[in-house]
>>> print(open('my_file_22.txt').read())   # compact mmCIF, C-alpha atoms and all ligand atoms
# COMPACT_ATOMS: atom_id res chain seq x y z
CA MET A 7 -13.33 22.16 -12.20
CA SER A 8 -12.08 19.49 -14.59
CA GLN A 9 -12.73 16.01 -13.32
CA PRO A 10 -9.85 13.52 -13.26
CA LEU A 11 -10.25 10.35 -15.34
CA VAL A 12 -7.70 8.29 -13.41
CA GLY A 13 -9.64 6.54 -10.66
CA MET A 14 -12.76 6.06 -12.78
CA ASP A 15 -13.90 2.50 -13.36
CA LEU A 16 -15.64 1.35 -16.51
CA ALA A 17 -19.09 2.38 -15.27
CA ASP A 18 -17.84 5.87 -14.38
CA LEU A 19 -16.28 6.25 -17.81
CA ARG A 20 -19.50 5.21 -19.55
CA GLU A 21 -21.25 7.92 -17.63
CA ALA A 22 -18.55 10.45 -18.42
CA LEU A 23 -18.87 9.75 -22.15
CA GLY A 24 -22.63 9.97 -22.06
CA PRO A 25 -25.39 7.62 -23.25
CA SER A 26 -25.00 8.53 -26.94
CA GLN A 27 -21.61 6.84 -27.15
CA PRO A 28 -21.32 3.12 -27.93
CA ARG A 29 -20.11 1.02 -24.97
CA TYR A 30 -16.87 0.01 -26.61
CA ARG A 31 -15.68 3.63 -26.47
CA ALA A 32 -15.64 3.54 -22.68
CA GLN A 33 -13.71 0.28 -22.89
CA GLN A 34 -11.14 1.87 -25.22
CA LEU A 35 -10.72 4.83 -22.91
CA TYR A 36 -10.42 2.54 -19.89
CA GLU A 37 -7.68 0.49 -21.54
CA ALA A 38 -5.86 3.57 -22.70
CA ILE A 39 -5.83 5.03 -19.18
CA TYR A 40 -4.76 1.91 -17.28
CA ARG A 41 -2.81 -0.10 -19.83
CA GLY A 42 -1.70 2.37 -22.40
CA GLU A 43 1.23 4.60 -22.82
CA ALA A 44 -0.69 7.85 -23.02
CA SER A 45 0.52 10.39 -20.53
CA ASP A 46 -2.18 12.68 -21.83
CA PHE A 47 -5.54 11.38 -23.02
CA VAL A 48 -5.55 13.81 -25.88
CA GLN A 49 -3.01 11.41 -27.40
CA ILE A 50 -5.35 8.43 -27.20
CA SER A 51 -5.40 7.63 -30.87
CA THR A 52 -8.10 4.95 -30.69
CA LEU A 53 -10.70 7.63 -29.94
CA PRO A 54 -12.08 10.04 -32.55
CA ALA A 55 -10.63 13.55 -32.38
CA ARG A 56 -14.01 15.07 -31.62
CA MET A 57 -14.50 12.83 -28.59
CA ARG A 58 -11.05 13.69 -27.29
CA GLU A 59 -11.82 17.38 -27.54
CA ASP A 60 -15.11 16.91 -25.69
CA LEU A 61 -13.33 14.98 -22.98
CA ALA A 62 -10.59 17.56 -22.69
CA ALA A 63 -13.18 20.25 -22.11
CA ARG A 64 -14.50 18.50 -19.03
CA HIS A 65 -11.71 16.27 -17.76
CA VAL A 66 -8.04 15.98 -17.02
CA LEU A 67 -6.13 12.71 -16.88
CA GLY A 68 -5.35 13.60 -13.29
CA LEU A 69 -2.05 12.00 -12.36
CA PRO A 70 -0.26 13.49 -9.37
CA GLU A 71 2.85 15.51 -10.11
CA ILE A 72 6.29 14.28 -9.05
CA ALA A 73 7.47 17.14 -6.85
CA ARG A 74 10.77 15.45 -5.93
CA ARG A 75 12.52 12.16 -6.36
CA TYR A 76 15.02 10.91 -3.77
CA GLU A 77 17.36 8.11 -4.72
CA SER A 78 18.90 5.81 -2.11
CA LEU A 79 22.32 4.18 -2.32
CA ASP A 80 20.50 0.81 -2.33
CA GLY A 81 18.43 1.75 -5.40
CA THR A 82 15.23 2.57 -3.50
CA ARG A 83 13.45 5.65 -4.77
CA ARG A 84 11.16 7.85 -2.72
CA TYR A 85 8.73 10.07 -4.62
CA LEU A 86 7.23 13.14 -3.11
CA LEU A 87 3.98 13.60 -5.03
CA ARG A 88 1.99 16.79 -5.22
CA LEU A 89 -1.77 16.33 -5.31
CA ASP A 90 -4.45 18.53 -6.82
CA ASP A 91 -4.95 20.57 -3.67
CA GLY A 92 -1.23 21.21 -3.20
CA ARG A 93 -0.80 18.61 -0.44
CA THR A 94 2.02 16.13 -0.77
CA VAL A 95 2.24 12.40 -0.13
CA GLU A 96 4.92 9.74 -0.62
CA THR A 97 5.36 6.63 -2.72
CA VAL A 98 8.39 4.34 -2.57
CA LEU A 99 9.86 2.14 -5.30
CA MET A 100 12.02 -0.79 -4.21
CA PRO A 101 13.73 -2.52 -7.12
CA GLU A 102 14.99 -6.01 -6.36
CA GLY A 103 16.43 -8.10 -9.13
CA GLU A 104 13.77 -8.73 -11.73
CA ARG A 105 10.97 -7.58 -9.46
CA ASP A 106 9.92 -4.11 -8.42
CA THR A 107 7.83 -3.38 -5.35
CA ILE A 108 5.90 -0.12 -5.12
CA CYS A 109 4.81 0.99 -1.67
CA ILE A 110 1.83 3.32 -1.96
CA SER A 111 -0.04 5.57 0.46
CA SER A 112 -3.75 5.51 1.23
CA GLN A 113 -4.06 8.80 3.13
CA VAL A 114 -2.12 12.05 3.57
CA GLY A 115 -0.67 11.56 7.05
CA CYS A 116 -2.28 8.98 9.33
CA PRO A 117 -4.80 9.03 12.18
CA VAL A 118 -3.62 5.82 13.89
CA ASP A 119 -0.91 7.30 16.14
CA CYS A 120 1.48 4.34 16.55
CA LYS A 121 4.22 5.44 18.92
CA PHE A 122 7.09 4.10 16.78
CA CYS A 123 5.99 5.54 13.44
CA MET A 124 6.99 8.89 12.03
CA THR A 125 3.91 9.20 9.83
CA ALA A 126 1.85 9.37 13.03
CA LEU A 127 3.54 12.67 13.83
CA LEU A 128 1.79 14.23 10.82
CA GLY A 129 -1.70 13.39 12.03
CA LEU A 130 -4.36 12.84 9.38
CA GLU A 131 -4.67 15.52 6.73
CA ARG A 132 -7.12 13.70 4.47
CA SER A 133 -7.87 10.42 2.72
CA LEU A 134 -6.71 9.88 -0.84
CA THR A 135 -9.22 9.45 -3.66
CA ALA A 136 -9.27 6.20 -5.65
CA GLY A 137 -7.62 8.14 -8.46
CA GLU A 138 -4.79 9.33 -6.25
CA ILE A 139 -4.18 5.75 -5.10
CA VAL A 140 -4.15 4.27 -8.62
CA GLY A 141 -2.25 7.33 -9.85
CA GLN A 142 0.74 6.51 -7.64
CA VAL A 143 1.07 3.12 -9.33
CA LEU A 144 0.65 4.48 -12.87
CA LEU A 145 3.15 7.23 -12.23
CA VAL A 146 5.86 5.02 -10.80
CA ALA A 147 5.25 2.28 -13.38
CA ARG A 148 5.75 4.90 -16.08
CA ASP A 149 8.85 6.20 -14.39
CA ILE A 150 10.36 2.69 -14.37
CA ARG A 151 9.40 2.19 -17.99
CA LEU A 152 11.07 5.42 -18.99
CA LYS A 153 14.24 4.30 -17.27
CA LYS A 154 14.21 0.81 -18.67
CA ASP A 155 12.53 1.48 -21.97
CA ARG A 156 9.93 -1.21 -21.48
CA GLY A 157 6.20 -1.29 -22.12
CA LEU A 158 3.84 -0.53 -19.27
CA ARG A 159 1.96 -3.75 -19.88
CA ARG A 160 5.07 -5.87 -19.47
CA GLU A 161 5.90 -3.90 -16.36
CA GLY A 162 2.56 -4.96 -14.84
CA GLY A 163 3.67 -8.59 -14.72
CA ARG A 164 6.71 -7.87 -12.60
CA LEU A 165 5.25 -5.49 -10.09
CA ASN A 166 4.35 -6.01 -6.46
CA ILE A 167 2.22 -3.39 -4.80
CA VAL A 168 2.07 -2.95 -1.06
CA MET A 169 -0.23 -0.42 0.55
CA MET A 170 2.11 0.27 3.44
CA GLY A 171 2.89 3.92 2.89
CA GLN A 172 1.24 6.83 4.67
CA GLY A 173 -2.18 6.23 6.13
CA GLU A 174 -4.46 3.47 7.36
CA PRO A 175 -6.02 1.87 4.26
CA LEU A 176 -8.96 0.35 6.11
CA LEU A 177 -10.03 3.80 7.28
CA ASN A 178 -10.35 4.69 3.60
CA LEU A 179 -11.82 1.36 2.57
CA GLU A 180 -14.22 2.50 -0.12
CA ASN A 181 -11.52 4.26 -2.15
CA VAL A 182 -9.00 1.51 -1.47
CA VAL A 183 -11.41 -1.15 -2.76
CA LYS A 184 -12.21 0.90 -5.85
CA ALA A 185 -8.53 1.56 -6.56
CA THR A 186 -7.44 -2.05 -6.02
CA GLY A 187 -10.41 -3.19 -8.12
CA ILE A 188 -9.03 -1.20 -11.07
CA LEU A 189 -5.48 -2.47 -10.44
CA LEU A 190 -6.73 -6.07 -10.24
CA ASP A 191 -9.08 -5.89 -13.23
CA PRO A 192 -7.71 -8.05 -16.07
CA GLY A 193 -9.23 -5.47 -18.44
CA GLY A 194 -7.63 -2.64 -16.47
CA PHE A 195 -4.14 -2.58 -14.99
CA GLY A 196 -4.24 -6.37 -14.81
CA LEU A 197 -2.34 -7.08 -11.61
CA SER A 198 -2.64 -10.53 -10.05
CA PRO A 199 -4.29 -10.55 -6.59
CA ARG A 200 -1.19 -12.34 -5.31
CA ARG A 201 0.81 -9.24 -6.04
CA ILE A 202 -1.00 -6.62 -4.04
CA THR A 203 -1.14 -6.41 -0.25
CA VAL A 204 -2.97 -3.96 1.96
CA SER A 205 -1.66 -3.54 5.49
CA THR A 206 -3.81 -2.55 8.47
CA ALA A 207 -3.17 -1.56 12.06
CA GLY A 208 -6.22 -3.71 12.89
CA ILE A 209 -9.53 -1.94 12.22
CA VAL A 210 -11.62 -4.99 13.11
CA PRO A 211 -15.01 -4.21 11.48
CA LYS A 212 -13.25 -3.12 8.29
CA ILE A 213 -11.29 -6.38 8.14
CA GLU A 214 -14.63 -8.18 8.13
CA GLU A 215 -15.91 -5.82 5.43
CA LEU A 216 -12.85 -6.36 3.24
CA GLY A 217 -13.29 -10.11 3.58
CA ARG A 218 -16.72 -9.80 1.97
CA GLU A 219 -15.35 -8.10 -1.15
CA PRO A 220 -15.32 -10.48 -4.12
CA VAL A 221 -12.25 -8.79 -5.61
CA ARG A 222 -9.65 -7.87 -3.05
CA PRO A 223 -5.94 -7.61 -2.33
CA LYS A 224 -4.09 -9.75 0.20
CA LEU A 225 -4.17 -8.64 3.80
CA ALA A 226 -1.34 -7.89 6.21
CA ILE A 227 -1.88 -7.07 9.86
CA SER A 228 0.50 -4.95 11.91
CA LEU A 229 0.64 -6.94 15.14
CA ASN A 230 3.66 -5.27 16.75
CA ALA A 231 3.05 -6.56 20.29
CA SER A 232 2.43 -9.86 21.99
CA THR A 233 0.05 -8.76 24.73
CA GLU A 234 -3.06 -6.62 24.83
CA GLU A 235 -1.39 -4.30 27.30
CA SER A 236 1.76 -3.64 25.33
CA ARG A 237 -0.18 -3.29 22.09
CA ARG A 238 -2.43 -0.73 23.71
CA GLU A 239 0.59 1.30 24.67
CA LEU A 240 2.33 1.13 21.29
CA MET A 241 -0.78 1.35 19.14
CA PRO A 242 -3.50 3.36 20.90
CA ILE A 243 -6.02 2.26 18.25
CA THR A 244 -6.12 -1.02 20.15
CA ARG A 245 -8.12 0.66 22.91
CA LYS A 246 -10.97 0.64 20.43
CA TYR A 247 -10.18 -2.60 18.60
CA HIS A 248 -8.95 -5.12 21.13
CA LEU A 249 -6.30 -7.68 20.31
CA THR A 250 -8.66 -10.57 21.12
CA ASP A 251 -11.25 -9.21 18.67
CA LEU A 252 -8.54 -8.67 16.08
CA MET A 253 -7.40 -12.27 16.39
CA ALA A 254 -11.00 -13.48 16.15
CA ALA A 255 -11.46 -11.46 12.94
CA CYS A 256 -8.24 -12.97 11.55
CA ARG A 257 -9.45 -16.47 12.31
CA ALA A 258 -12.76 -15.79 10.60
CA TYR A 259 -11.14 -14.11 7.58
CA PRO A 260 -12.07 -15.95 4.37
CA LEU A 261 -8.68 -16.74 2.82
CA ARG A 262 -8.54 -17.86 -0.79
CA PRO A 263 -6.96 -21.29 -1.41
CA TRP A 264 -3.56 -19.82 -2.31
CA GLU A 265 -3.59 -17.12 0.35
CA LYS A 266 -1.92 -16.61 3.73
CA LEU A 267 -2.34 -13.74 6.16
CA THR A 268 0.82 -11.74 6.82
CA PHE A 269 1.60 -10.42 10.28
CA GLU A 270 4.09 -7.58 10.62
CA TYR A 271 5.96 -7.10 13.86
CA VAL A 272 8.19 -4.08 14.51
CA LEU A 273 10.92 -5.04 16.99
CA LEU A 274 11.67 -2.37 19.61
CA LYS A 275 14.72 -2.91 21.79
CA GLY A 276 13.79 -4.01 25.31
CA VAL A 277 10.09 -3.35 24.68
CA ASN A 278 8.61 -6.20 22.62
CA ASP A 279 11.65 -8.21 21.50
CA THR A 280 12.19 -10.86 24.20
CA ASP A 281 12.04 -14.63 23.81
CA ALA A 282 8.86 -14.56 25.86
CA ASP A 283 7.34 -12.10 23.36
CA ALA A 284 8.28 -14.42 20.50
CA ARG A 285 6.65 -17.38 22.25
CA ARG A 286 3.49 -15.35 22.86
CA VAL A 287 3.40 -14.36 19.17
CA VAL A 288 3.55 -18.05 18.26
CA LYS A 289 0.69 -18.76 20.63
CA LEU A 290 -1.43 -15.88 19.33
CA LEU A 291 -1.00 -17.02 15.74
CA ALA A 292 -1.31 -20.75 16.38
CA ASN A 293 -3.42 -22.55 13.77
CA LEU A 294 -3.65 -19.52 11.52
CA ASN A 295 -2.56 -19.89 7.93
CA CYS A 296 -0.01 -17.11 8.08
CA LYS A 297 3.53 -15.85 7.87
CA VAL A 298 5.35 -13.31 10.00
CA ASN A 299 7.50 -10.41 8.80
CA LEU A 300 9.80 -8.97 11.44
CA ILE A 301 10.97 -5.38 11.01
CA ALA A 302 13.72 -4.06 13.26
CA LEU A 303 12.76 -0.50 14.16
CA ASN A 304 13.80 2.14 11.68
CA PRO A 305 14.69 4.98 14.01
CA GLY A 306 13.84 8.61 13.41
CA PRO A 307 13.59 11.97 15.11
CA GLY A 308 10.76 12.05 17.65
CA ILE A 309 10.65 8.25 18.01
CA PRO A 310 11.39 7.21 21.61
CA TYR A 311 12.60 3.67 20.83
CA GLU A 312 15.78 1.91 19.78
CA THR A 313 16.61 -0.75 17.24
CA PRO A 314 17.41 -4.17 18.71
CA ASP A 315 20.78 -5.82 17.94
CA PRO A 316 20.84 -8.19 14.99
CA GLN A 317 21.44 -11.15 17.36
CA ARG A 318 18.24 -10.36 19.25
CA VAL A 319 16.32 -10.12 15.97
CA ALA A 320 17.76 -13.47 14.86
CA ALA A 321 16.87 -15.13 18.18
CA PHE A 322 13.30 -13.84 17.95
CA GLN A 323 13.01 -15.06 14.38
CA GLU A 324 14.35 -18.49 15.31
CA ILE A 325 11.65 -19.03 17.93
CA VAL A 326 8.82 -18.00 15.61
CA ARG A 327 10.26 -19.91 12.66
CA ARG A 328 9.92 -23.21 14.47
CA SER A 329 6.15 -22.82 14.16
CA MET A 330 5.49 -20.76 11.04
CA PRO A 331 7.29 -19.01 8.18
CA CYS A 332 9.06 -15.96 9.60
CA PHE A 333 11.20 -13.46 7.70
CA VAL A 334 13.22 -10.43 8.67
CA ARG A 335 12.46 -7.51 6.40
CA LYS A 336 15.52 -5.78 5.11
CA PRO A 337 15.31 -2.02 5.56
CA ARG A 338 15.24 -0.18 2.26
CA GLY A 339 16.07 3.44 1.59
CA LEU A 340 17.02 4.33 5.16
CA ASP A 341 19.35 7.07 3.92
CA ILE A 342 16.50 8.90 2.17
CA PHE A 343 13.82 8.35 4.84
CA ALA A 344 11.99 5.86 2.65
CA ALA A 345 11.91 2.85 5.01
CA CYS A 346 8.89 1.54 6.98
CA GLY A 347 7.66 4.11 9.45
CA GLN A 348 9.80 6.91 8.03
CA LEU A 349 7.38 8.49 5.59
CA LYS A 350 7.03 11.98 6.85
CA ARG A 351 7.88 14.05 3.80
CA VAL A 352 11.25 15.04 5.22
CA GLU A 353 13.86 16.45 2.93
CA GLY A 354 17.04 14.50 2.38
N1 LIG A 401 -1.45 1.81 8.80
C1 LIG A 401 -1.13 0.57 8.15
C2 LIG A 401 -0.26 0.79 6.93
C3 LIG A 401 1.15 1.28 7.23
S1 LIG A 401 2.18 -0.08 7.05
C4 LIG A 401 -0.53 -0.41 9.14
O1 LIG A 401 -0.34 -0.03 10.29
O2 LIG A 401 -0.33 -1.56 8.81
C5 LIG A 401 3.58 0.42 7.82
C6 LIG A 401 4.29 -0.75 8.47
O3 LIG A 401 5.52 -0.25 8.97
C7 LIG A 401 3.51 -1.29 9.65
O4 LIG A 401 3.60 -2.69 9.70
C8 LIG A 401 4.21 -0.67 10.83
O5 LIG A 401 4.09 -1.49 11.96
C9 LIG A 401 5.63 -0.56 10.34
N2 LIG A 401 6.37 0.53 10.97
C10 LIG A 401 5.90 1.70 11.40
N3 LIG A 401 6.87 2.45 11.92
C11 LIG A 401 8.00 1.74 11.82
C12 LIG A 401 9.36 2.00 12.16
N4 LIG A 401 9.74 3.14 12.74
N5 LIG A 401 10.27 1.05 11.90
C13 LIG A 401 9.91 -0.11 11.30
N6 LIG A 401 8.64 -0.39 10.93
C14 LIG A 401 7.70 0.52 11.20
>>> encode(input="my_file_22.txt", output="structure tokens", more="lines below")
Ligand code: SAH
Amino acid sequence: MSQPLVGMDLADLREALGPSQPRYRAQQLYEAIYRGEASDFVQISTLPARMREDLAARHVLGLPEIARRYESLDGTRRYLLRLDDGRTVETVLMPEGERDTICISSQVGCPVDCKFCMTALLGLERSLTAGEIVGQVLLVARDIRLKKDRGLRREGGRLNIVMMGQGEPLLNLENVVKATGILLDPGGFGLSPRRITVSTAGIVPKIEELGREPVRPKLAISLNASTEESRRELMPITRKYHLTDLMAACRAYPLRPWEKLTFEYVLLKGVNDTDADARRVVKLLANLNCKVNLIALNPGPGIPYETPDPQRVAAFQEIVRRSMPCFVRKPRGLDIFAACGQLKRVEG
């Protein structure tokens, strides 16, 4: 089968071209794939025709196919992408003023089983390859460029990437690190490390592993509860990775000078949204260099919880905000099932 080029780093490309080729050829190919306009590498004009033919015999560019595009009234776009093996996964684009945020997936489905999340209902089908992770970004960046008639390179400066789509990124760490390495490489896609965030349900040993990576995205932790007991109920993964160990890993996490940890907290009416919960969150996060993002539950079929009233959300925020930065995340793309916790490949 033809091997995809998207997802290969410079070393992989050198190997793909073979030892007889000068090193700068791999560099040219690398730039063309991650910075260029080529939607097909046969068009890469910097490479000799003969080399392109050789490549074409053994490789494909390997971008996923856009199976469907759903457009929300608020401008959010949800992409249903078809992968090589016919499986589908979702990517969401959230335009906001001059900045675009792309929410990408790390796995098809998810093994974590959070009780408030629709992706959990899919179970895990498989992990995405590094190429499928990078491919989501390239595809959506190209789609924006087509709409706005702008160069891909310029687009790179205005993009935020969040790995908060389907899947648990830290259970696919190797591919996630390879993919983010390509996105962060100044010679590759060229994204700033301030502009890419990976979110985890709290896989403690993998948090430690990520912290040891010299090149890495920012980290967000889905806290979602203020006590061990309630977290265990809402996020069964906590039975394996206890809240106390998670907090210890967060305290030991080697933040860069400009960096803060982000904690996400889904508010569920009458379950984890009381003033006492808010005070316990403040206590848990005391002395951490962090900010908190509150998300009022996005409801969905099969989810046994309700969304708290806006006043309750505001009261919760007020308590946390006295001690640390705390924001309420605006739901995006609710009408097309594109919001947090709604990625389940539903039609509509
Ligand atoms: N598995 C990773 C990546 C997914 S991020 C993680 O857990 O962090 C998805 C974010 O959306 C998480 O912070 C999660 O807590 C939140 N979320 C899940 N279901 C939701 C829902 N129904 N409404 C609002 N937020 C939800």
>>> residues_near_ligand(input="my_file_22.txt", ligand="ligand LIG 401 (chain A)", cutoff="9 Å", atoms="all atoms listed in the file", output="PyMOL selection string")
chain A and resi 111-112+116-118+120-126+168-177+204-208+226-230+241+269-274+299-306+309+311+313+337+345-349
>>> residues_near_point(input="my_file_22.txt", point="(3.2, -15.8, 13.0)", cutoff="9 Å", atoms="all atoms listed in the file", output="list in words")
Thr268, Phe269, Glu270, Val287, Val288, Lys289, Leu290, Leu291, Ala292, Leu294, Asn295, Cys296, Lys297, Val298, Asn299, Val326, Arg327, Ser329, Met330, Pro331 and Cys332 of chain A
>>> residues_around(input="my_file_22.txt", residues="segment 55-66 of chain A", least_positions_apart="2", cutoff="12 Å", atoms="only C-alpha atoms", output="PyMOL selection string")
chain A and resi 7-14+19+21-24+26-28+31-32+34-35+39+45-53+68-70+90+137
>>> closest_residue(input="my_file_22.txt", among="A:Leu216, A:Arg148, A:Asp119, A:Cys109", to="Glu239 of chain A", atoms="all atoms listed in the file")
A:Asp119
>>> closest_residue(input="my_file_22.txt", among="A:Lys266, A:Arg74, A:Arg29, A:Arg237", to="Val95 of chain A", atoms="only C-alpha atoms")
A:Arg74
>>> atom_distance(input="my_file_22.txt", atom1="atom CA of Ala231 of chain A", atom2="atom CA of Ile325 of chain A")
15.3 Å
>>> closest_residue(input="my_file_22.txt", among="A:Thr186, A:Ser236, A:Thr250, A:Ser198", to="Val210 of chain A", atoms="all atoms listed in the file")
A:Thr250
>>> closest_residue(input="my_file_22.txt", among="A:Gly81, A:Pro260, A:Gly92, A:Gly196", to="Pro220 of chain A", atoms="all atoms listed in the file")
A:Pro260
>>> closest_residue(input="my_file_22.txt", among="A:Glu77, A:Tyr40, A:Gln33, A:Glu219", to="Ala147 of chain A", atoms="only C-alpha atoms")
A:Tyr40
>>> atom_distance(input="my_file_22.txt", atom1="atom CA of Asp15 of chain A", atom2="atom CA of Ile188 of chain A")
6.5 Å
>>> residues_around(input="my_file_22.txt", residues="Leu261 of chain A", least_positions_apart="3", cutoff="10 Å", atoms="all atoms listed in the file", output="PyMOL selection string")
chain A and resi 217+224-225+256-258+264-267+295
>>> atom_distance(input="my_file_22.txt", atom1="atom CA of Arg84 of chain A", atom2="atom CA of Asp106 of chain A")
13.3 Å
>>> closest_residue(input="my_file_22.txt", among="A:Arg238, A:His248, A:Arg262, A:Arg351", to="Leu87 of chain A", atoms="all atoms listed in the file")
A:Arg351
>>> build_atoms(input="my_file_22.txt", residues="segment 164-172 of chain A", atoms="all heavy atoms", output="JSON list (two decimals), in the coordinates of the input")
[["chain", "number", "residue", "atom", "x", "y", "z"],
["A", 164, "ARG", "N", 5.57, -7.73, -13.50],
["A", 164, "ARG", "CA", 6.71, -7.87, -12.60],
["A", 164, "ARG", "C", 6.55, -7.04, -11.34],
["A", 164, "ARG", "O", 7.44, -6.96, -10.52],
["A", 164, "ARG", "CB", 7.99, -7.43, -13.31],
["A", 164, "ARG", "CG", 8.18, -8.01, -14.68],
["A", 164, "ARG", "CD", 9.27, -7.28, -15.44],
["A", 164, "ARG", "NE", 10.44, -7.04, -14.62],
["A", 164, "ARG", "CZ", 10.73, -5.87, -14.06],
["A", 164, "ARG", "NH1", 9.96, -4.85, -14.22],
["A", 164, "ARG", "NH2", 11.82, -5.74, -13.33],
["A", 165, "LEU", "N", 5.42, -6.41, -11.20],
["A", 165, "LEU", "CA", 5.25, -5.49, -10.09],
["A", 165, "LEU", "C", 4.61, -6.14, -8.87],
["A", 165, "LEU", "O", 3.72, -6.98, -9.00],
["A", 165, "LEU", "CB", 4.31, -4.35, -10.51],
["A", 165, "LEU", "CG", 4.87, -3.18, -11.29],
["A", 165, "LEU", "CD1", 3.75, -2.18, -11.54],
["A", 165, "LEU", "CD2", 5.99, -2.51, -10.50],
["A", 166, "ASN", "N", 5.07, -5.76, -7.71],
["A", 166, "ASN", "CA", 4.35, -6.01, -6.46],
["A", 166, "ASN", "C", 3.90, -4.68, -5.92],
["A", 166, "ASN", "O", 4.68, -3.73, -5.95],
["A", 166, "ASN", "CB", 5.29, -6.62, -5.42],
["A", 166, "ASN", "CG", 5.40, -8.10, -5.58],
["A", 166, "ASN", "OD1", 4.42, -8.78, -5.84],
["A", 166, "ASN", "ND2", 6.60, -8.61, -5.43],
["A", 167, "ILE", "N", 2.68, -4.64, -5.42],
["A", 167, "ILE", "CA", 2.22, -3.39, -4.80],
["A", 167, "ILE", "C", 1.92, -3.67, -3.33],
["A", 167, "ILE", "O", 1.23, -4.65, -3.02],
["A", 167, "ILE", "CB", 0.90, -2.89, -5.46],
["A", 167, "ILE", "CG1", 0.99, -2.89, -6.99],
["A", 167, "ILE", "CG2", 0.50, -1.53, -4.92],
["A", 167, "ILE", "CD1", 1.78, -1.80, -7.61],
["A", 168, "VAL", "N", 2.44, -2.85, -2.47],
["A", 168, "VAL", "CA", 2.07, -2.95, -1.06],
["A", 168, "VAL", "C", 1.50, -1.61, -0.61],
["A", 168, "VAL", "O", 2.07, -0.56, -0.89],
["A", 168, "VAL", "CB", 3.27, -3.37, -0.15],
["A", 168, "VAL", "CG1", 3.69, -4.80, -0.47],
["A", 168, "VAL", "CG2", 4.46, -2.44, -0.28],
["A", 169, "MET", "N", 0.33, -1.67, 0.04],
["A", 169, "MET", "CA", -0.23, -0.42, 0.55],
["A", 169, "MET", "C", 0.22, -0.30, 2.00],
["A", 169, "MET", "O", -0.48, -0.68, 2.93],
["A", 169, "MET", "CB", -1.76, -0.43, 0.42],
["A", 169, "MET", "CG", -2.32, 0.98, 0.35],
["A", 169, "MET", "SD", -4.08, 1.01, 0.10],
["A", 169, "MET", "CE", -4.20, 0.63, -1.64],
["A", 170, "MET", "N", 1.47, 0.18, 2.13],
["A", 170, "MET", "CA", 2.11, 0.27, 3.44],
["A", 170, "MET", "C", 2.77, 1.63, 3.60],
["A", 170, "MET", "O", 3.68, 1.80, 4.40],
["A", 170, "MET", "CB", 3.16, -0.83, 3.59],
["A", 170, "MET", "CG", 2.58, -2.23, 3.50],
["A", 170, "MET", "SD", 3.81, -3.48, 3.82],
["A", 170, "MET", "CE", 2.85, -4.98, 3.62],
["A", 171, "GLY", "N", 2.33, 2.58, 2.79],
["A", 171, "GLY", "CA", 2.89, 3.92, 2.89],
["A", 171, "GLY", "C", 2.14, 4.72, 3.95],
["A", 171, "GLY", "O", 1.72, 4.17, 4.97],
["A", 172, "GLN", "N", 1.97, 6.01, 3.71],
["A", 172, "GLN", "CA", 1.24, 6.83, 4.67],
["A", 172, "GLN", "C", -0.22, 6.37, 4.75],
["A", 172, "GLN", "O", -0.83, 6.04, 3.73],
["A", 172, "GLN", "CB", 1.26, 8.29, 4.22],
["A", 172, "GLN", "CG", 2.61, 8.97, 4.36],
["A", 172, "GLN", "CD", 2.52, 10.47, 4.05],
["A", 172, "GLN", "OE1", 1.45, 11.07, 4.01],
["A", 172, "GLN", "NE2", 3.67, 11.07, 3.84]]
